[in-house]
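Participant: Input data_28.txt, format and content: compact mmCIF, C-alpha atoms.
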```txt
# COMPACT_ATOMS: atom_id res chain seq x y z
CA MET X 27 0.00 0.00 0.00
CA THR X 28 1.05 3.58 -0.59
CA SER X 29 2.57 5.25 2.45
CA VAL X 30 0.93 8.47 3.57
CA ALA X 31 2.81 11.63 4.52
CA ILE X 32 1.16 14.52 6.33
CA VAL X 33 2.61 18.00 5.88
CA THR X 34 1.32 20.90 7.97
CA GLY X 35 1.64 24.46 6.73
CA ALA X 36 1.52 23.10 3.19
CA SER X 37 -0.10 26.08 1.48
CA SER X 38 3.18 27.89 0.71
CA GLY X 39 6.94 27.97 1.12
CA ILE X 40 8.73 25.00 2.65
CA GLY X 41 5.48 23.15 3.28
CA ALA X 42 4.30 23.31 -0.32
CA ALA X 43 7.75 22.38 -1.62
CA THR X 44 7.88 19.44 0.79
CA ALA X 45 4.45 18.22 -0.30
CA ARG X 46 5.57 18.27 -3.94
CA ARG X 47 8.82 16.49 -3.17
CA LEU X 48 7.27 13.78 -1.02
CA ALA X 49 4.63 13.11 -3.66
CA ALA X 50 7.46 12.70 -6.18
CA GLU X 51 9.04 10.20 -3.77
CA GLY X 52 5.88 8.09 -3.95
CA PHE X 53 3.98 9.17 -0.84
CA HIS X 54 0.31 10.02 -0.89
CA VAL X 55 0.45 13.46 0.70
CA LEU X 56 -2.14 14.94 3.02
CA ALA X 57 -1.45 18.64 2.49
CA ALA X 58 -2.75 20.46 5.54
CA ALA X 59 -3.16 24.22 6.00
CA ARG X 60 -5.72 26.92 6.62
CA ARG X 61 -5.87 28.28 3.06
CA THR X 62 -7.81 25.65 1.18
CA ASP X 63 -7.78 27.58 -2.10
CA ARG X 64 -3.99 27.30 -2.21
CA LEU X 65 -4.12 23.65 -1.22
CA ALA X 66 -6.47 22.91 -4.09
CA GLY X 67 -3.97 24.39 -6.52
CA LEU X 68 -1.13 22.45 -4.92
CA VAL X 69 -3.01 19.15 -5.21
CA LYS X 70 -3.73 19.81 -8.89
CA GLU X 71 -0.05 20.54 -9.46
CA ILE X 72 1.01 17.33 -7.70
CA GLU X 73 -1.50 15.25 -9.66
CA ALA X 74 -0.42 16.82 -12.96
CA ALA X 75 3.13 15.70 -12.16
CA GLY X 76 1.96 12.12 -11.59
CA GLY X 77 1.67 12.15 -7.80
CA THR X 78 -1.27 11.85 -5.43
CA ALA X 79 -2.37 14.20 -2.68
CA THR X 80 -5.38 15.26 -0.65
CA ALA X 81 -6.06 18.76 0.63
CA VAL X 82 -7.08 18.94 4.30
CA ALA X 83 -8.18 22.18 5.92
CA CYS X 84 -6.27 22.46 9.19
CA ASP X 85 -5.45 25.19 11.67
CA VAL X 86 -2.77 23.82 14.01
CA THR X 87 -3.79 26.34 16.70
CA SER X 88 -7.17 24.57 17.02
CA ASP X 89 -7.65 21.28 18.88
CA GLU X 90 -10.80 20.57 16.89
CA SER X 91 -9.16 21.27 13.54
CA VAL X 92 -6.20 19.00 14.31
CA ALA X 93 -8.63 16.26 15.39
CA GLU X 94 -10.23 16.56 11.94
CA LEU X 95 -6.78 16.14 10.39
CA ALA X 96 -6.33 12.93 12.37
CA ALA X 97 -9.72 11.72 11.12
CA ALA X 98 -8.68 12.47 7.55
CA ALA X 99 -5.52 10.45 8.15
CA GLN X 100 -7.63 7.45 9.18
CA ALA X 101 -9.42 7.65 5.83
CA ALA X 102 -6.18 7.97 3.82
CA PRO X 103 -5.31 5.29 1.24
CA GLY X 104 -2.53 3.67 3.22
CA PRO X 105 -0.59 3.67 6.48
CA VAL X 106 0.52 7.03 7.87
CA THR X 107 4.30 6.74 8.08
CA LEU X 108 5.41 10.38 8.03
CA LEU X 109 4.39 13.59 9.77
CA VAL X 110 6.17 16.79 8.82
CA ASN X 111 5.49 19.45 11.46
CA ASN X 112 6.20 22.45 9.26
CA ALA X 113 3.53 24.99 10.22
CA GLY X 114 5.12 27.97 11.92
CA GLY X 115 6.46 31.44 11.44
CA ALA X 116 7.79 34.61 13.00
CA ARG X 117 6.25 37.93 13.92
CA GLY X 118 8.25 41.05 14.65
CA LEU X 119 11.90 41.80 15.20
CA ASP X 120 11.55 43.73 18.43
CA PRO X 121 13.85 43.54 21.45
CA VAL X 122 12.59 41.61 24.46
CA GLU X 123 11.90 44.79 26.42
CA SER X 124 9.35 46.01 23.87
CA GLY X 125 8.22 42.82 22.17
CA ALA X 126 4.47 42.50 21.63
CA ILE X 127 2.95 39.84 23.87
CA GLY X 128 0.48 38.99 21.12
CA ASP X 129 3.30 38.27 18.67
CA TRP X 130 5.08 36.02 21.16
CA GLN X 131 1.85 34.21 21.95
CA TRP X 132 1.11 33.64 18.25
CA MET X 133 4.62 32.30 17.61
CA TYR X 134 4.37 29.93 20.56
CA ASP X 135 0.92 28.69 19.61
CA VAL X 136 1.75 28.05 15.95
CA ASN X 137 5.31 26.75 16.25
CA VAL X 138 5.25 24.93 19.57
CA LEU X 139 1.69 24.01 20.46
CA GLY X 140 0.93 23.37 16.78
CA THR X 141 3.72 20.81 16.74
CA LEU X 142 2.44 19.33 19.99
CA ARG X 143 -1.17 19.08 18.78
CA ALA X 144 -0.30 17.45 15.47
CA THR X 145 2.19 15.06 17.02
CA GLN X 146 -0.20 13.92 19.74
CA ALA X 147 -3.04 13.46 17.25
CA LEU X 148 -1.03 11.51 14.65
CA LEU X 149 1.32 9.51 16.89
CA PRO X 150 -1.05 6.52 17.24
CA ALA X 151 -1.25 6.16 13.45
CA LEU X 152 2.49 6.60 13.03
CA GLU X 153 3.21 3.93 15.62
CA ALA X 154 0.61 1.57 14.19
CA SER X 155 2.36 1.76 10.80
CA GLY X 156 5.37 0.04 12.34
CA ALA X 157 7.71 2.50 10.63
CA GLY X 158 6.74 6.02 11.61
CA THR X 159 8.75 9.19 11.25
CA ILE X 160 8.14 12.58 12.85
CA VAL X 161 9.93 15.53 11.29
CA ILE X 162 10.02 18.82 13.17
CA VAL X 163 11.01 21.81 11.07
CA SER X 164 12.67 24.14 13.55
CA SER X 165 15.44 26.64 12.74
CA THR X 166 19.00 27.57 13.55
CA ALA X 167 17.20 29.95 15.92
CA GLY X 168 16.43 26.78 17.86
CA PHE X 169 19.97 26.75 19.21
CA THR X 170 21.36 30.26 18.60
CA VAL X 171 19.73 33.48 19.75
CA TYR X 172 20.07 36.87 18.08
CA GLU X 173 19.04 40.43 18.83
CA GLY X 174 15.43 41.11 17.96
CA GLY X 175 14.67 37.44 17.64
CA GLY X 176 13.82 36.60 21.23
CA GLY X 177 10.26 35.48 20.62
CA TYR X 178 11.03 33.42 17.54
CA ALA X 179 14.16 31.90 19.09
CA ALA X 180 12.21 31.01 22.23
CA ALA X 181 9.59 29.22 20.16
CA LYS X 182 12.16 27.37 18.08
CA HIS X 183 14.17 26.41 21.17
CA ALA X 184 10.94 24.91 22.48
CA GLN X 185 10.47 22.90 19.28
CA THR X 186 14.02 21.61 19.67
CA ALA X 187 13.14 20.56 23.22
CA ILE X 188 10.09 18.69 21.94
CA ALA X 189 12.18 16.83 19.37
CA GLY X 190 14.82 15.78 21.86
CA THR X 191 12.31 14.76 24.50
CA LEU X 192 10.21 12.79 22.04
CA ARG X 193 13.26 10.87 20.86
CA LEU X 194 13.95 9.79 24.44
CA GLU X 195 10.35 8.92 25.20
CA LEU X 196 9.81 6.95 21.99
CA CYS X 197 13.02 4.94 22.30
CA GLY X 198 12.13 1.28 21.69
CA ARG X 199 8.99 2.14 19.72
CA PRO X 200 8.90 2.18 15.88
CA VAL X 201 8.84 5.96 15.50
CA ARG X 202 11.93 8.03 14.78
CA VAL X 203 12.21 11.78 15.39
CA ILE X 204 14.10 14.08 13.03
CA GLU X 205 14.77 17.79 13.50
CA ILE X 206 15.51 20.01 10.50
CA ASP X 207 17.15 23.37 11.30
CA PRO X 208 17.36 25.71 8.30
CA GLY X 209 19.25 28.98 8.39
CA MET X 210 18.52 31.76 5.90
CA VAL X 211 15.73 30.63 3.58
CA ARG X 212 14.10 32.98 1.08
CA THR X 213 10.40 32.20 0.65
CA ASP X 214 7.49 34.29 -0.58
CA GLU X 215 5.84 34.81 2.79
CA PHE X 216 8.11 34.30 5.81
CA GLY X 217 9.51 37.83 5.81
CA LEU X 218 6.20 39.41 4.88
CA VAL X 219 4.51 37.77 7.86
CA ARG X 220 7.37 38.73 10.16
CA PHE X 221 7.26 42.39 9.12
CA GLY X 222 3.51 42.80 8.86
CA GLY X 223 3.44 42.83 5.07
CA ASN X 224 6.32 45.30 4.65
CA ALA X 225 7.97 44.04 1.45
CA ASP X 226 10.99 46.34 1.77
CA LYS X 227 11.88 45.05 5.23
CA ALA X 228 11.34 41.48 4.11
CA ALA X 229 13.65 41.95 1.11
CA ALA X 230 16.34 43.63 3.22
CA THR X 231 16.91 40.35 5.07
CA TYR X 232 18.44 38.90 1.91
CA ALA X 233 20.17 42.04 0.63
CA GLY X 234 23.51 41.20 -0.99
CA VAL X 235 22.96 37.44 -0.63
CA SER X 236 22.71 36.10 -4.16
CA GLU X 237 21.99 32.52 -3.19
CA PRO X 238 20.09 32.06 0.06
CA LEU X 239 18.41 28.74 0.57
CA VAL X 240 15.02 28.32 -1.09
CA ALA X 241 12.09 26.16 -0.04
CA GLU X 242 13.07 23.33 -2.37
CA ASP X 243 16.49 23.04 -0.67
CA VAL X 244 14.84 22.39 2.69
CA ALA X 245 12.30 20.02 1.11
CA ASP X 246 15.21 18.07 -0.33
CA CYS X 247 16.71 17.70 3.15
CA ILE X 248 13.40 16.60 4.63
CA ALA X 249 12.85 14.02 1.90
CA TRP X 250 16.38 12.65 2.21
CA CYS X 251 16.08 12.18 5.96
CA ALA X 252 12.61 10.66 5.73
CA THR X 253 13.58 8.16 3.04
CA ARG X 254 16.62 6.68 4.78
CA PRO X 255 16.21 3.07 5.97
CA HIS X 256 14.03 3.19 9.05
CA HIS X 257 16.79 2.09 11.40
CA VAL X 258 18.73 5.25 10.40
CA ASN X 259 17.69 8.24 12.54
CA VAL X 260 19.09 11.60 11.46
CA ASP X 261 18.65 13.30 14.81
CA ARG X 262 19.32 16.82 13.62
CA LEU X 263 20.17 18.30 10.23
CA VAL X 264 21.42 21.90 10.16
CA VAL X 265 21.38 23.50 6.71
CA ARG X 266 22.46 27.02 5.76
CA PRO X 267 23.39 28.78 2.52
CA LEU X 268 27.11 28.98 1.81
CA ALA X 269 27.00 32.73 2.46
CA GLN X 270 25.83 32.23 6.05
CA ALA X 271 28.55 30.95 8.35
CA ALA X 272 26.50 31.64 11.49
CA GLN X 273 23.43 33.61 12.57
CA HIS X 274 25.58 36.75 12.90
CA LYS X 275 28.01 36.09 10.02
CA VAL X 276 26.59 36.51 6.51
CA HIS X 277 28.57 37.42 3.42
CA ARG X 278 26.73 40.16 1.54
CA VAL X 279 28.05 41.33 -1.81
CA GLY X 280 28.65 45.09 -1.92
CA GLN X 281 28.28 45.58 1.81
```
Starting from the file, lay out its structure as structure tokens.
Facilitator:
Amino acid sequence: MTSVAIVTGASSGIGAATARRLAAEGFHVLAAARRTDRLAGLVKEIEAAGGTATAVACDVTSDESVAELAAAAQAAPGPVTLLVNNAGGARGLDPVESGAIGDWQWMYDVNVLGTLRATQALLPALEASGAGTIVIVSSTAGFTVYEGGGGYAAAKHAQTAIAGTLRLELCGRPVRVIEIDPGMVRTDEFGLVRFGGNADKAAATYAGVSEPLVAEDVADCIAWCATRPHHVNVDRLVVRPLAQAAQHKVHRVGQ
């Protein structure tokens, strides 16, 4: 039977790229996100390329919505062997002393509690498959802080803690836990969401960097980890563009 992969936050960016890549790898993909119009287009694209996918409306900040995702997984055309916890994002670049509580709360709910909700809801199916994999898409902010990034780094540190704890707690059970930590990735929406739709501020993040990572680079990493033999657990994969040696060290042409 066809293995089923669930990707949260699949309507754009890394999530959409991951859904396409996993479908190309032979998975039936449950593409989950809030924006069903975008998911419909994604499913058509996957099917036109010869893959199979199902769009599932899902808001990872809602217990009820995630429960509906789990129900959709039960009706999927095969065992659920892969969950990619990708839904997340950043809001603001304010220092801790003036950071908006609402922004911090949103980042925690989407990145951390969203991962928790989806993992709890899908873990029984993943374990029942006998060869389950949980991927948590965190960030290099999950282990390195930077000025203005306190809220986002706190949320991503928490995701890293979930990944490490899960790996300990699931030891001896047929579910592996993989953490993917991308550095600078240029996508259509991440910066716009972070800066409240300000395109100039979003673009400035990548100024002088001719080749930042793109969504397909991260999707490639996710697919590679998820398709290793099941006894191989890639605990943590850190991926940055060549121009980024560290959070604070980026080569920018002309600067």
Participant: Which residues come within 7 Å of region 33-36 of chain X, counting all atoms listed in the file, excluding same-chain residues fewer than 6 positions away, as an mmCIF file with C-alpha atoms, keeping the file's coordinate frame?
Facilitator:
```cif
data_model
loop_
_atom_site.group_PDB
_atom_site.id
_atom_site.type_symbol
_atom_site.label_atom_id
_atom_site.label_comp_id
_atom_site.auth_asym_id
_atom_site.auth_seq_id
_atom_site.Cartn_x
_atom_site.Cartn_y
_atom_site.Cartn_z
ATOM 1 C CA ALA X 42 4.300 23.310 -0.320
ATOM 2 C CA ALA X 45 4.450 18.220 -0.300
ATOM 3 C CA LEU X 56 -2.140 14.940 3.020
ATOM 4 C CA ALA X 57 -1.450 18.640 2.490
ATOM 5 C CA ALA X 58 -2.750 20.460 5.540
ATOM 6 C CA ALA X 59 -3.160 24.220 6.000
ATOM 7 C CA LEU X 109 4.390 13.590 9.770
ATOM 8 C CA VAL X 110 6.170 16.790 8.820
ATOM 9 C CA ASN X 111 5.490 19.450 11.460
ATOM 10 C CA ASN X 112 6.200 22.450 9.260
ATOM 11 C CA ALA X 113 3.530 24.990 10.220
#
```
Participant: From the options X:Ala50, X:Gly118, X:His277, X:Ala101, which residue's atoms come nearest to Gly222 (chain X), counting all atoms listed in the file?
Facilitator: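 Nearest candidate to Gly222 (chain X) out of X:Ala50, X:Gly118, X:His277, X:Ala101: X:Gly118.
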Participant: Hey, what's within 9 Å of region 233-241 of chain X if we count only C-alpha atoms and toss same-chain stuff fewer than 5 positions away? As a ChimeraX atom specification, please?
Facilitator: /X:39-44,208-213,246,265-270,276-281
Participant: Those same residues, written as a PDB file, keeping the file's coordinate frame with C-alpha atoms?
Facilitator:
```pdb
ATOM      1  CA  GLY X  39       6.940  27.970   1.120  1.00  0.00           C
ATOM      2  CA  ILE X  40       8.730  25.000   2.650  1.00  0.00           C
ATOM      3  CA  GLY X  41       5.480  23.150   3.280  1.00  0.00           C
ATOM      4  CA  ALA X  42       4.300  23.310  -0.320  1.00  0.00           C
ATOM      5  CA  ALA X  43       7.750  22.380  -1.620  1.00  0.00           C
ATOM      6  CA  THR X  44       7.880  19.440   0.790  1.00  0.00           C
ATOM      7  CA  PRO X 208      17.360  25.710   8.300  1.00  0.00           C
ATOM      8  CA  GLY X 209      19.250  28.980   8.390  1.00  0.00           C
ATOM      9  CA  MET X 210      18.520  31.760   5.900  1.00  0.00           C
ATOM     10  CA  VAL X 211      15.730  30.630   3.580  1.00  0.00           C
ATOM     11  CA  ARG X 212      14.100  32.980   1.080  1.00  0.00           C
ATOM     12  CA  THR X 213      10.400  32.200   0.650  1.00  0.00           C
ATOM     13  CA  ASP X 246      15.210  18.070  -0.330  1.00  0.00           C
ATOM     14  CA  VAL X 265      21.380  23.500   6.710  1.00  0.00           C
ATOM     15  CA  ARG X 266      22.460  27.020   5.760  1.00  0.00           C
ATOM     16  CA  PRO X 267      23.390  28.780   2.520  1.00  0.00           C
ATOM     17  CA  LEU X 268      27.110  28.980   1.810  1.00  0.00           C
ATOM     18  CA  ALA X 269      27.000  32.730   2.460  1.00  0.00           C
ATOM     19  CA  GLN X 270      25.830  32.230   6.050  1.00  0.00           C
ATOM     20  CA  VAL X 276      26.590  36.510   6.510  1.00  0.00           C
ATOM     21  CA  HIS X 277      28.570  37.420   3.420  1.00  0.00           C
ATOM     22  CA  ARG X 278      26.730  40.160   1.540  1.00  0.00           C
ATOM     23  CA  VAL X 279      28.050  41.330  -1.810  1.00  0.00           C
ATOM     24  CA  GLY X 280      28.650  45.090  -1.920  1.00  0.00           C
ATOM     25  CA  GLN X 281      28.280  45.580   1.810  1.00  0.00           C
TER      26      GLN X 281
END
```
Participant: Interatomic distance between CA of Ala167 (chain X) and CA of Arg202 (chain X)?
Facilitator: 22.6 Å
Participant: Write out as a ChimeraX atom specification which residues come within 12 Å of Cys251 (chain X) when counting all atoms listed in the file, dropping same-chain ones fewer than 5 positions away.
Facilitator: /X:48,108,110,159-162,202-206,244-246,256-264
Participant: So what do you get for CA of Thr141 (chain X) versus CA of Thr186 (chain X), distance-wise?
Facilitator: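 Computing it gives 10.7 Å between the two atoms.
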Participant: Identify which of the residues X:Ser29, X:Ser38, X:Gln146, X:Ser165 lies closest to Phe53 (chain X), counting only C-alpha atoms when measuring atom-to-atom distances.
Facilitator: X:Ser29
Participant: Which of these, X:Gln273, X:Arg47, X:Ile32, X:Gly217, has the shortest distance to Glu242 (chain X) once you count all atoms listed in the file?
Facilitator: X:Arg47
Participant: Select, counting only C-alpha atoms, all protein, DNA and RNA residues no farther than 8 Å from (5.3, 5.8, 10.8) in file coordinates, and express the selection as a ChimeraX atom specification.
Facilitator: /X:105-109,151-160,200-201
Participant: To one decimal place in Å, what is the distance between CA of Arg193 (chain X) and CA of Gly104 (chain X)?
Facilitator: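 If I compute the distance from CA of Arg193 (chain X) to CA of Gly104 (chain X), I get 24.7 Å.
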Participant: Which residue, X:Val55, X:Ala180, X:Ala272, X:Ala31, has the smallest gap to Val122 (chain X) when you use only C-alpha atoms?
Facilitator: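 Answer, going by the shortest atom-to-atom distance: X:Ala180.
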Participant: Counting all atoms listed in the file, figure out which residue out of X:Val92, X:Ala66, X:Ile248, X:Arg220 gets nearest to Trp130 (chain X).
Facilitator: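 Answer, going by the shortest atom-to-atom distance: X:Arg220.
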Participant: Give me the residues within 12 Å of Asn137 (chain X) as a ChimeraX atom specification, counting all atoms listed in the file and dropping any in the same chain fewer than 3 places off.
Facilitator: /X:34-35,85-87,111-117,129-134,140-144,162-165,168,177-186,188
Participant: My list of candidates is X:Ser37, X:Thr62, X:Ser88, X:Thr80. Which is closest to Ala102 (chain X) when distances are computed with only C-alpha atoms?
Facilitator: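 So, comparing all the options, the nearest one is X:Thr80.
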